[in-house]
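Source file target-v3.txt; content: compact mmCIF, C-alpha atoms and all ligand atoms.
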```
# COMPACT_ATOMS: atom_id res chain seq x y z
CA MET A 1280 0.00 0.00 0.00
CA ASP A 1281 1.21 3.49 -0.80
CA THR A 1282 2.19 5.21 2.45
CA ASN A 1283 0.70 8.39 1.04
CA ASP A 1284 -2.75 6.86 1.02
CA MET A 1285 -3.09 4.43 3.86
CA MET A 1286 -5.65 3.54 6.49
CA VAL A 1287 -4.80 3.93 10.16
CA ASN A 1288 -6.67 1.87 12.74
CA THR A 1289 -7.63 3.64 15.88
CA ASP A 1290 -8.34 2.18 19.33
CA ASN A 1291 -12.02 2.98 19.20
CA GLY A 1292 -12.53 0.70 16.23
CA GLY A 1293 -12.57 3.37 13.56
CA ASN A 1294 -10.00 4.05 10.93
CA VAL A 1295 -8.98 7.14 9.04
CA ARG A 1296 -7.39 7.59 5.66
CA VAL A 1297 -4.00 9.24 5.86
CA GLN A 1298 -2.97 11.04 2.73
CA SER A 1299 0.46 12.54 2.22
CA LEU A 1300 0.99 12.50 5.96
CA PHE A 1301 4.46 11.13 5.58
CA SER A 1302 5.82 13.88 3.44
CA CYS A 1303 6.15 16.13 6.47
CA ASN A 1304 6.81 16.13 10.19
CA ILE A 1305 4.10 16.72 12.76
CA LEU A 1306 5.14 19.19 15.44
CA LEU A 1307 3.08 19.16 18.62
CA VAL A 1308 3.13 22.48 20.46
CA GLY A 1309 1.17 24.01 23.31
CA PHE A 1310 1.27 24.92 26.97
CA MET A 1311 2.67 22.51 29.56
CA GLY A 1312 0.11 19.82 30.36
CA THR A 1313 -1.84 20.02 27.12
CA GLY A 1314 -0.97 16.39 26.38
CA LYS A 1315 1.87 16.66 23.85
CA SER A 1316 3.82 13.64 25.16
CA THR A 1317 0.72 11.47 25.55
CA ILE A 1318 -0.56 12.29 22.07
CA SER A 1319 2.91 11.84 20.63
CA SER A 1320 3.26 8.33 22.10
CA TYR A 1321 -0.10 7.30 20.72
CA LEU A 1322 0.63 8.66 17.26
CA VAL A 1323 4.00 6.96 17.14
CA LYS A 1324 2.31 3.61 17.79
CA ALA A 1325 -0.61 4.22 15.44
CA LEU A 1326 1.50 5.50 12.55
CA GLY A 1327 4.72 3.56 13.12
CA VAL A 1328 6.85 6.66 12.84
CA GLU A 1329 9.75 7.94 14.91
CA GLU A 1330 9.32 10.30 17.84
CA ILE A 1331 11.49 13.18 18.95
CA ASP A 1332 10.72 14.70 22.34
CA THR A 1333 12.69 17.95 22.38
CA ASP A 1334 12.84 18.18 26.19
CA ARG A 1335 14.10 14.60 26.58
CA LEU A 1336 16.64 14.98 23.76
CA ILE A 1337 18.04 18.18 25.27
CA GLU A 1338 18.27 16.49 28.67
CA GLN A 1339 20.06 13.50 27.13
CA ARG A 1340 22.57 15.64 25.31
CA GLU A 1341 23.22 17.87 28.28
CA GLY A 1342 23.34 14.93 30.69
CA ARG A 1343 21.15 16.80 33.19
CA SER A 1344 17.53 17.70 33.82
CA ILE A 1345 15.74 20.75 32.44
CA ALA A 1346 15.39 22.03 35.99
CA ASN A 1347 19.16 21.80 36.36
CA ILE A 1348 19.77 23.55 33.01
CA PHE A 1349 17.46 26.43 34.05
CA GLU A 1350 19.13 26.68 37.44
CA THR A 1351 22.73 26.51 36.26
CA ASP A 1352 22.71 28.19 32.84
CA GLY A 1353 19.40 30.02 32.80
CA GLU A 1354 16.30 29.90 30.62
CA ALA A 1355 17.99 31.74 27.72
CA TYR A 1356 20.53 28.91 27.39
CA PHE A 1357 17.74 26.33 27.30
CA ARG A 1358 15.93 28.34 24.61
CA ARG A 1359 19.11 28.32 22.49
CA CYS A 1360 19.28 24.52 22.85
CA GLU A 1361 15.70 24.31 21.57
CA THR A 1362 16.41 26.45 18.50
CA GLN A 1363 19.59 24.51 17.77
CA LEU A 1364 17.63 21.26 17.85
CA LEU A 1365 15.10 22.59 15.34
CA VAL A 1366 17.93 23.58 13.01
CA GLU A 1367 19.30 20.02 13.22
CA LEU A 1368 15.89 18.52 12.52
CA GLN A 1369 15.44 20.57 9.36
CA LYS A 1370 16.45 17.74 7.05
CA ARG A 1371 14.51 14.98 8.82
CA LYS A 1372 11.10 13.71 7.74
CA ASN A 1373 8.32 11.42 9.01
CA LEU A 1374 8.78 12.45 12.63
CA ILE A 1375 6.38 13.24 15.41
CA ILE A 1376 8.15 16.07 17.21
CA SER A 1377 6.81 16.74 20.68
CA CYS A 1378 8.02 20.23 21.58
CA GLY A 1379 8.59 21.83 24.94
CA GLY A 1380 5.85 24.27 25.88
CA GLY A 1381 7.95 27.35 25.10
CA MET A 1382 9.07 26.27 21.63
CA ALA A 1383 6.40 28.14 19.68
CA LEU A 1384 7.02 31.44 21.49
CA GLN A 1385 10.00 32.51 19.39
CA ASP A 1386 9.50 33.67 15.80
CA GLU A 1387 12.70 31.99 14.65
CA ASN A 1388 11.52 28.64 16.03
CA VAL A 1389 8.15 29.01 14.31
CA ARG A 1390 9.89 29.79 11.02
CA LEU A 1391 12.03 26.66 11.36
CA MET A 1392 9.04 24.52 12.33
CA LYS A 1393 6.94 25.75 9.39
CA GLU A 1394 9.71 24.77 7.01
CA THR A 1395 9.80 21.22 8.25
CA GLY A 1396 6.21 20.26 8.97
CA LYS A 1397 2.71 20.92 10.26
CA ILE A 1398 2.39 22.69 13.58
CA VAL A 1399 -0.40 21.22 15.68
CA LEU A 1400 -1.42 23.26 18.72
CA LEU A 1401 -2.96 21.31 21.60
CA THR A 1402 -5.14 23.32 23.96
CA ALA A 1403 -6.74 22.80 27.37
CA ARG A 1404 -8.35 24.94 30.06
CA PRO A 1405 -6.13 26.16 32.94
CA GLU A 1406 -8.04 23.95 35.39
CA THR A 1407 -7.38 20.88 33.23
CA ILE A 1408 -3.71 21.80 32.86
CA TYR A 1409 -3.38 22.22 36.61
CA GLU A 1410 -4.85 18.77 37.25
CA ARG A 1411 -2.42 17.23 34.77
CA VAL A 1412 0.76 18.92 36.03
CA LYS A 1413 0.13 19.52 39.74
CA ASP A 1414 2.29 16.60 40.95
CA SER A 1415 5.19 17.30 38.61
CA ARG A 1416 8.43 18.78 39.97
CA ASP A 1417 10.35 19.01 36.71
CA ARG A 1418 8.82 22.13 35.19
CA PRO A 1419 10.90 25.03 36.52
CA LEU A 1420 8.43 27.70 35.39
CA LEU A 1421 5.69 26.16 37.52
CA ASN A 1422 7.68 24.87 40.47
CA HIS A 1423 6.90 27.82 42.72
CA ASN A 1424 3.72 28.80 40.92
CA MET A 1425 1.69 25.62 40.94
CA ASN A 1426 -1.80 27.06 40.92
CA VAL A 1427 -4.63 27.69 38.44
CA GLU A 1428 -4.29 31.49 38.60
CA PHE A 1429 -0.65 31.50 37.57
CA ILE A 1430 -1.26 28.96 34.81
CA ALA A 1431 -4.22 30.99 33.50
CA GLY A 1432 -2.14 34.19 33.47
CA LEU A 1433 0.84 32.66 31.66
CA LEU A 1434 -1.44 30.89 29.21
CA GLU A 1435 -3.22 34.16 28.41
CA LYS A 1436 0.12 35.90 27.84
CA ARG A 1437 1.30 33.16 25.51
CA ARG A 1438 -1.97 32.52 23.68
CA PRO A 1439 -1.40 34.98 20.76
CA LYS A 1440 1.98 33.38 20.00
CA TYR A 1441 0.55 29.87 20.12
CA LEU A 1442 -2.35 30.80 17.86
CA LYS A 1443 -0.08 32.58 15.39
CA ALA A 1444 2.20 29.53 15.12
CA ALA A 1445 -0.56 26.94 14.69
CA ASP A 1446 -1.51 25.31 11.40
CA ILE A 1447 -4.04 23.14 13.20
CA ILE A 1448 -5.66 23.57 16.63
CA ILE A 1449 -7.02 20.68 18.68
CA ASP A 1450 -8.79 20.95 22.01
CA THR A 1451 -7.93 18.16 24.47
CA ASP A 1452 -10.35 18.98 27.30
CA GLY A 1453 -12.31 15.95 28.50
CA ARG A 1454 -11.46 13.82 25.48
CA ASP A 1455 -9.96 10.37 24.90
CA VAL A 1456 -6.47 10.17 23.46
CA SER A 1457 -7.74 8.07 20.55
CA ASP A 1458 -10.43 10.63 19.74
CA ILE A 1459 -7.91 13.48 19.79
CA CYS A 1460 -5.49 11.55 17.57
CA GLU A 1461 -8.18 10.66 15.08
CA GLU A 1462 -9.07 14.34 14.69
CA LEU A 1463 -5.40 15.23 14.44
CA ILE A 1464 -4.66 12.68 11.71
CA GLU A 1465 -7.72 13.72 9.72
CA LYS A 1466 -6.79 17.40 9.94
CA VAL A 1467 -3.13 16.85 9.07
CA ALA A 1468 -4.07 14.60 6.15
CA GLY A 1469 -6.62 17.18 4.97
CA SER A 1470 -4.16 20.05 5.19
CA THR A 1471 -1.45 18.28 3.15
CA LYS A 1472 -3.69 17.26 0.21
C1 LIG B 1501 8.41 24.92 29.18
C2 LIG B 1501 7.79 23.69 29.03
C3 LIG B 1501 8.44 22.42 29.35
C4 LIG B 1501 9.96 22.55 29.23
C5 LIG B 1501 10.44 23.71 30.04
C6 LIG B 1501 9.82 25.03 29.61
C7 LIG B 1501 7.65 26.15 28.84
O1 LIG B 1501 7.99 21.39 28.47
O2 LIG B 1501 10.35 22.70 27.90
O3 LIG B 1501 10.17 23.44 31.38
O4 LIG B 1501 8.27 27.22 28.73
O5 LIG B 1501 6.42 26.07 28.66
P1 LIG B 1501 6.53 20.69 28.58
O6 LIG B 1501 5.56 21.56 27.85
O7 LIG B 1501 6.72 19.38 27.89
O8 LIG B 1501 6.20 20.54 30.02
```
Mind turning the file's structure into structure tokens?
Amino acid sequence: MDTNDMMVNTDNGGNVRVQSLFSCNILLVGFMGTGKSTISSYLVKALGVEEIDTDRLIEQREGRSIANIFETDGEAYFRRCETQLLVELQKRKNLIISCGGGMALQDENVRLMKETGKIVLLTARPETIYERVKDSRDRPLLNHNMNVEFIAGLLEKRRPKYLKAADIIIDTDGRDVSDICEELIEKVAGSTK
């Protein structure tokens, strides 16, 4: 079967036709806790493609956690690592790239991402985000601000940048992973026709 016109089975028994999906990368962006890693893992299994998690790759290369990078070298250093990674990924194809929550905030990053694939923005309400991240200790921006008010404020500040970057927007509130992925695949396939 031509990989440009294949059927993908989904957990809920349905299947969707994927056209030209493999000619580009899929870049998942969005605020912390919007489900990028979860959606990425599901897509990788459903589509049999390779995954890049930018946070994990930066941690691997640096041999230390993101919290440690922020603490020792500052946020600006981490942001340079993110941009450098996007430059390196320019020539790669057929990847699901799960991006750190700040990746889409810089114009240069968005330019690089647009050149290499489709940018899919995942969204969720601040209350949902809080529930998903409240027990995590490895997000330095939230470590001393773990509450709905702070999340809502930062999300509001970032929203215009996220919306400007997005080719496709998918709401994740109260939905199954399989349902979200089915919508995502349909929209990506539709946008690459
Ligand atoms: C950040 C999000 C984090 C990580 C870093 C900064 C952000 O990734 O890159 O802590 O600025 O939103 P996740 O969105 O995967 O938590």
Requested in this report: Show which residues sit within 6 Å of segment 1396-1405 of chain A, as a PyMOL selection string. Count only C-alpha atoms, and ignore same-chain residues fewer than 2 positions away.
Outcome: chain A and resi 1303-1309+1313+1393+1407-1408+1427+1430-1431+1445-1452
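You will find atom CA of Ile1345 of chain A at 8.7 Å from atom O1 of ligand LIG 1501 (chain B).
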Query raised in the report: Which one is closest to Ala1325 of chain A: A:Gln1363, A:Ser1344, A:Asn1388, A:Ser1457? Count all atoms listed in the file.
Result: A:Ser1457
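Between ligand LIG 1501 (chain B) and the residues A:Lys1370, A:Lys1413, A:Arg1340, A:Arg1418, the shortest atom-to-atom distance, using all atoms listed in the file, involves A:Arg1418.
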Requested in this report: Find the residue from A:Asn1426, A:Thr1471, A:Ser1377, A:Gln1369 that sits nearest to ligand LIG 1501 (chain B); use all atoms listed in the file when measuring.
Outcome: A:Ser1377
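Between atom CA of Leu1364 of chain A and atom CA of Lys1466 of chain A lies a distance of 26.0 Å.
Each of A:Glu1428, A:Glu1462, A:Asp1417, A:Glu1350 was compared to ligand LIG 1501 (chain B) using all atoms listed in the file, and A:Asp1417 turns out to be the nearest.
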